[in-house]
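Step one of this worksheet: look at the structure below.
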Amino acid sequence: MPDTIDMVDKILTDLKKVGGVEACAAASRDGLLIRGILQKEQLAESIAAMSATMLGAAETATIEFGKGIPQRVIVETANGRLIAAGAGPKALLIVIVNSETGLGLILLELEKAATKLKELLA
Amino acid sequence: MVETGIPKLDEFLNGGIPKGKSLIYYIQPGVEGEVFGMQTVYNALKKGGNCVLVVSSTIPDILKGQFKEFGWDIQPYVNRLFCVDAYNPLIGAPSNEKYIVSNPDNIEGFNKIIIGLIKELPPSTIVFGSLSTIMDLCGEKETIEAVREWNKMAMLYDHIMVYNFTAWPYSEETLKLIKGELFNAVISIGGIAERVIFGQYFGILKSDWAKEIKKSMLFRVLRPGGIKLYIPKILVTGPFDSGKSTFVHALSTRAISVDRLGTTIAMDHGHVDYKGFSADIFGTPGQERFDPIIKLLSGESMGVFLIVDSTNPTDFIRAKQMLEITKSYGLPYVVVANKQDLPGALTPEEIRSQFNLPEDVPIVPAVAKDRKGVFEAFEVLIDKITGGT
């Protein structure tokens, strides 16, 4: 049982190593924090809840339009970006990226990490 | 009677550990369990008792430092805290404690000091920082025989014995004895990774003085703070404009909301630290067009606050409907009769009859904007969630 937690930590640690990633977290679809690598744990809980809401709201909107499930939600601000991507039916991954780095590699790594997390929680 | 200092555990144990009894914290490897013994030490000291701390897995000064990490100042009580050093001699370092086990790899060394202390001190709480370390050094059979003797002596001299024990893969027989007959009470501490709730729990495996309550409590270890009972999700729901966001903010130590044009469009999220409990609160939007979001967020909740506007009985139908949407039937829930300060507010009894609520559903009158009734409601709900029955 603690092994699963270690494995989630491993996925997040790997994701955190990607250039430009400032923080990352895994959350359940219903907004509970599973694990997070952030400066402040308190922030992680709110971010998990909000990101799950955003992704859920986006899914509801696109499905209504007959456009299927969104691959991710990207929020851009002047100082950085927040990306939330689904990882199977139970979980999602959240990364916070600085504003300088291109998203190509990050999205690729996020996709890989999401697949791993999905397998892990299946 | 000495309290363990662990929230809810004392209640389950009918107030704590009676004199002459022994209790073991049976900890699964990989779980943060040693803090249970420490919290009991700090609590016993704070309540004015004498304490003996048998330190066998680290240098006593380091262990004393760990108390500070949890925010527990033991300095005022040092004259009532007796440390038995069974670590420094092992690594060949000098010790500045009064009581020293000079050969910690031989159970006789422990026997001499422990039995001496049991006879010499007035009734105290004797806590073993790690019984498993002693077992590793002195052998399983030898340690068990010694513990049997210590518990017997402690009973005669009215001491309370508390052990931290990490359940490494010892022999079946040893573990069975420990979980079975060797102690008056066994508290099991483990980890879970069920669905998406990752956490640690404790529960009473055995207790020969209190009714055994088969219930597991989730907990978190906070620095500072120590052991807090953890409730991952409490839902706050109710019709439009009933005061859900106000309630979440009034209750929470810190909270955020997604509000536009004065109404919640996504959710409220708050965190409560109150009376040994640590809980995350999720507030839903109230308007019908946001129902998909409510469904999304309401999974895995452990309890529900249903907020109603006491001046607006026409909303009660929607309130009931929201319990349905959140799939909350079957979960413990409390109705918060908000806006009691406004003219025309119905009393809880009037709400019960108009709403057609069963007698066992608590209705708590509240004025969320003035933080009135908010914590009362929290206590009532926590009681329903953690209640022993």
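Each chain in the structure tokens gets a letter, A, B, ..., in the order shown, and its residues are numbered from 1; ligands are numbered from 1 in order too.
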
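The neighbours of Glu45 (chain A) here are the residues that come within 10 Å of it, using only C-alpha atoms and leaving out any residue fewer than 5 positions away in the same chain; they are Ala25, Ala27, Gly31, Leu32, Leu33, Ile34, Arg35, Gly36, Lys40 and Met50 of chain A; His269, Gly270, His271 and Asp280 of chain B.
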
Go ahead and dump the residues you just picked, N, CA and C atoms, as a short mmCIF file (atom, residue, chain, number, x, y, z; two decimals), in the first residue's frame.
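Here's the written file selection-v3.cif:
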```cif
data_model
loop_
_atom_site.label_atom_id
_atom_site.label_comp_id
_atom_site.auth_asym_id
_atom_site.auth_seq_id
_atom_site.Cartn_x
_atom_site.Cartn_y
_atom_site.Cartn_z
N ALA A 25 1.41 17.99 -9.56
CA ALA A 25 0.60 17.30 -8.57
C ALA A 25 -0.30 16.29 -9.25
N ALA A 27 -4.10 14.50 -8.73
CA ALA A 27 -5.33 14.68 -7.96
C ALA A 27 -6.36 13.68 -8.46
N GLY A 31 -11.32 15.99 -7.20
CA GLY A 31 -10.68 17.17 -6.60
C GLY A 31 -9.89 16.96 -5.32
N LEU A 32 -9.60 15.70 -4.98
CA LEU A 32 -8.76 15.48 -3.79
C LEU A 32 -7.32 15.34 -4.21
N LEU A 33 -6.44 15.97 -3.47
CA LEU A 33 -5.02 15.86 -3.75
C LEU A 33 -4.55 14.44 -3.45
N ILE A 34 -3.84 13.82 -4.40
CA ILE A 34 -3.22 12.51 -4.12
C ILE A 34 -1.81 12.78 -3.59
N ARG A 35 -0.96 13.36 -4.43
CA ARG A 35 0.37 13.79 -4.00
C ARG A 35 0.73 15.04 -4.79
N GLY A 36 1.62 15.86 -4.24
CA GLY A 36 2.03 17.03 -4.99
C GLY A 36 3.46 17.39 -4.67
N LYS A 40 4.27 24.71 -1.12
CA LYS A 40 3.37 24.70 0.02
C LYS A 40 2.26 23.69 -0.18
N MET A 50 -9.34 23.00 -7.71
CA MET A 50 -9.68 23.91 -8.80
C MET A 50 -9.41 23.28 -10.17
N HIS B 269 -13.45 26.09 -1.78
CA HIS B 269 -12.60 25.08 -1.16
C HIS B 269 -12.02 25.68 0.09
N GLY B 270 -12.17 24.99 1.19
CA GLY B 270 -11.64 25.52 2.44
C GLY B 270 -11.00 24.42 3.25
N HIS B 271 -10.17 24.85 4.19
CA HIS B 271 -9.50 23.88 5.04
C HIS B 271 -9.75 24.26 6.50
N ASP B 280 -11.00 18.97 4.83
CA ASP B 280 -11.13 19.79 3.64
C ASP B 280 -12.61 19.90 3.28
#
```

Taking a cut-off of 6 Å and counting only C-alpha atoms, can you build a table that, for each residue of chain B near chain A, reports the nearest atom pair and how far apart they are in Å (one decimal), sorted by chain then residue number, as a Markdown table?
```
| residue | atom | partner | partner_atom | distance |
| --- | --- | --- | --- | --- |
| B:Ile192 | CA | A:Met1 | CA | 5.9 |
| B:Ala193 | CA | A:Met1 | CA | 5.5 |
| B:Leu296 | CA | A:Asp30 | CA | 5.8 |
| B:Leu297 | CA | A:Asp30 | CA | 4.6 |
| B:Gly299 | CA | A:Asp30 | CA | 5.8 |
```

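All residues of protein, DNA or RNA that reach within 12 Å of Lys16 (chain A), judged by only C-alpha atoms and not counting those fewer than 5 positions away in the chain, are Asp9, Lys10, Ile11, Val21, Glu22, Ala23, Cys24, Ala25, Ala26, Gly36, Ile37, Leu38, Leu93, Ile94, Val95, Ile96, Val97, Ile106, Glu109, Leu110 and Ala113 of chain A.
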
### Message
What's the separation between CA of Ala319 (chain B) and CA of Val258 (chain B), in Å to one decimal place?
### Response
21.2 Å

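Every protein or nucleic acid residue with an atom no more than 6 Å from region 221-237 of chain B, counting only C-alpha atoms and leaving out same-chain residues fewer than 4 positions away, appears here: B:Glu69, B:Phe70, B:Gly71, B:Gly276, B:Phe277, B:Ser278, B:Ala279, B:Asp280, B:Ile281, B:Phe282, B:Gly283, B:Thr284, B:Ser301, B:Met302, B:Gly303, B:Val304, B:Phe305, B:Leu306.
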
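Put simply, CA of Asn338 (chain B) is 5.8 Å away from CA of Val308 (chain B).
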
All strand (DSSP E or B) residues (DSSP, backbone) inside chain A, as a short mmCIF file (atom, residue, chain, number, x, y, z; two decimals) with C-alpha atoms, in the first residue's frame:
```cif
data_model
loop_
_atom_site.label_atom_id
_atom_site.label_comp_id
_atom_site.auth_asym_id
_atom_site.auth_seq_id
_atom_site.Cartn_x
_atom_site.Cartn_y
_atom_site.Cartn_z
CA VAL A 21 8.19 22.64 -14.75
CA GLU A 22 7.90 24.55 -11.49
CA ALA A 23 5.46 22.31 -9.68
CA CYS A 24 3.28 19.29 -10.30
CA ALA A 25 0.60 17.30 -8.57
CA ALA A 26 -1.70 14.32 -8.96
CA ALA A 27 -5.33 14.68 -7.96
CA SER A 28 -8.45 12.57 -8.09
CA LEU A 33 -5.02 15.86 -3.75
CA ILE A 34 -3.22 12.51 -4.12
CA ARG A 35 0.37 13.79 -4.00
CA GLY A 36 2.03 17.03 -4.99
CA ILE A 37 5.49 18.51 -5.40
CA ARG A 72 -5.87 18.89 -21.54
CA VAL A 73 -6.71 22.31 -20.21
CA ILE A 74 -4.03 24.95 -20.57
CA VAL A 75 -4.35 28.19 -18.67
CA GLU A 76 -1.94 30.94 -19.68
CA GLY A 80 3.30 31.14 -16.36
CA ARG A 81 0.97 28.35 -17.30
CA LEU A 82 -1.09 25.73 -15.57
CA ILE A 83 -1.86 22.52 -17.42
CA ALA A 84 -4.32 19.90 -16.26
CA ALA A 85 -4.55 16.60 -18.11
CA GLY A 86 -6.68 13.55 -17.41
CA ALA A 87 -4.91 10.36 -16.31
CA ALA A 91 -7.11 10.86 -11.69
CA LEU A 92 -5.57 13.88 -13.34
CA LEU A 93 -2.16 15.47 -13.45
CA ILE A 94 -1.40 19.13 -12.97
CA VAL A 95 1.80 20.93 -13.93
CA ILE A 96 2.76 24.55 -13.40
CA VAL A 97 5.18 25.78 -16.06
CA ASN A 98 7.14 29.04 -16.29
#
```

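CA of Asp105 (chain B) is found 23.8 Å from CA of Cys51 (chain B).
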
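For region 72-79 of chain B, the non-local neighbours within 9 Å, defined as residues at least 3 positions apart in the same chain or in other chains and counting only C-alpha atoms, are Gln39, Tyr42, Leu45, Lys46, Gly48, Asn50, Lys64, Gln66, Phe67, Lys68, Glu69, Phe82, Pro224, Gly225 and Gly226 of chain B.
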
Resulting file, chosen residues, N, CA and C atoms, as a short mmCIF file (atom, residue, chain, number, x, y, z; two decimals), in the first residue's frame:
```cif
data_model
loop_
_atom_site.label_atom_id
_atom_site.label_comp_id
_atom_site.auth_asym_id
_atom_site.auth_seq_id
_atom_site.Cartn_x
_atom_site.Cartn_y
_atom_site.Cartn_z
N GLN B 39 3.17 11.59 21.48
CA GLN B 39 2.03 12.43 21.82
C GLN B 39 1.47 12.03 23.19
N TYR B 42 3.85 13.52 25.84
CA TYR B 42 3.66 14.97 26.01
C TYR B 42 2.37 15.25 26.77
N LEU B 45 2.68 14.41 30.48
CA LEU B 45 3.47 15.44 31.17
C LEU B 45 2.64 16.70 31.40
N LYS B 46 1.91 17.09 30.33
CA LYS B 46 1.13 18.31 30.40
C LYS B 46 0.06 18.22 31.48
N GLY B 48 0.39 16.78 34.20
CA GLY B 48 0.98 16.76 35.55
C GLY B 48 1.52 15.42 36.01
N ASN B 50 4.07 11.87 35.94
CA ASN B 50 5.47 11.51 35.70
C ASN B 50 5.54 10.63 34.47
N LYS B 64 14.29 14.18 22.00
CA LYS B 64 13.73 15.35 22.70
C LYS B 64 13.54 16.50 21.72
N GLN B 66 12.77 16.18 18.65
CA GLN B 66 11.61 15.92 17.79
C GLN B 66 10.31 16.44 18.41
N PHE B 67 10.26 16.48 19.74
CA PHE B 67 9.07 17.03 20.39
C PHE B 67 8.84 18.46 19.91
N LYS B 68 9.95 19.18 19.79
CA LYS B 68 9.85 20.58 19.39
C LYS B 68 9.28 20.70 17.97
N GLU B 69 9.69 19.76 17.09
CA GLU B 69 9.17 19.76 15.71
C GLU B 69 7.65 19.72 15.69
N PHE B 82 11.72 11.20 32.79
CA PHE B 82 12.92 10.40 33.01
C PHE B 82 13.22 9.64 31.73
N PRO B 224 4.06 21.89 13.00
CA PRO B 224 3.69 21.41 14.32
C PRO B 224 2.25 20.93 14.35
N GLY B 225 1.90 20.27 15.45
CA GLY B 225 0.51 19.87 15.63
C GLY B 225 0.33 18.43 16.07
N GLY B 226 1.21 17.53 15.56
CA GLY B 226 1.08 16.13 15.92
C GLY B 226 -0.06 15.46 15.18
#
```

#### Entry: Test item: residues at most 8 Å from Leu131 (chain B), only C-alpha atoms, excluding those fewer than 4 positions along its chain, as a count of residues only
5

#### Entry: Close residues, Ala185 (chain B) itself excluded, 10 Å, only C-alpha atoms, min 6 positions apart in chain, as a PyMOL selection string
chain B and resi 13+17+21-25+162+178-179+204-210+212

### Task
Name the residues of region 35-109 of chain B that come out as helix (DSSP H, G or I) in a backbone DSSP run; write them as a count of residues only.
35
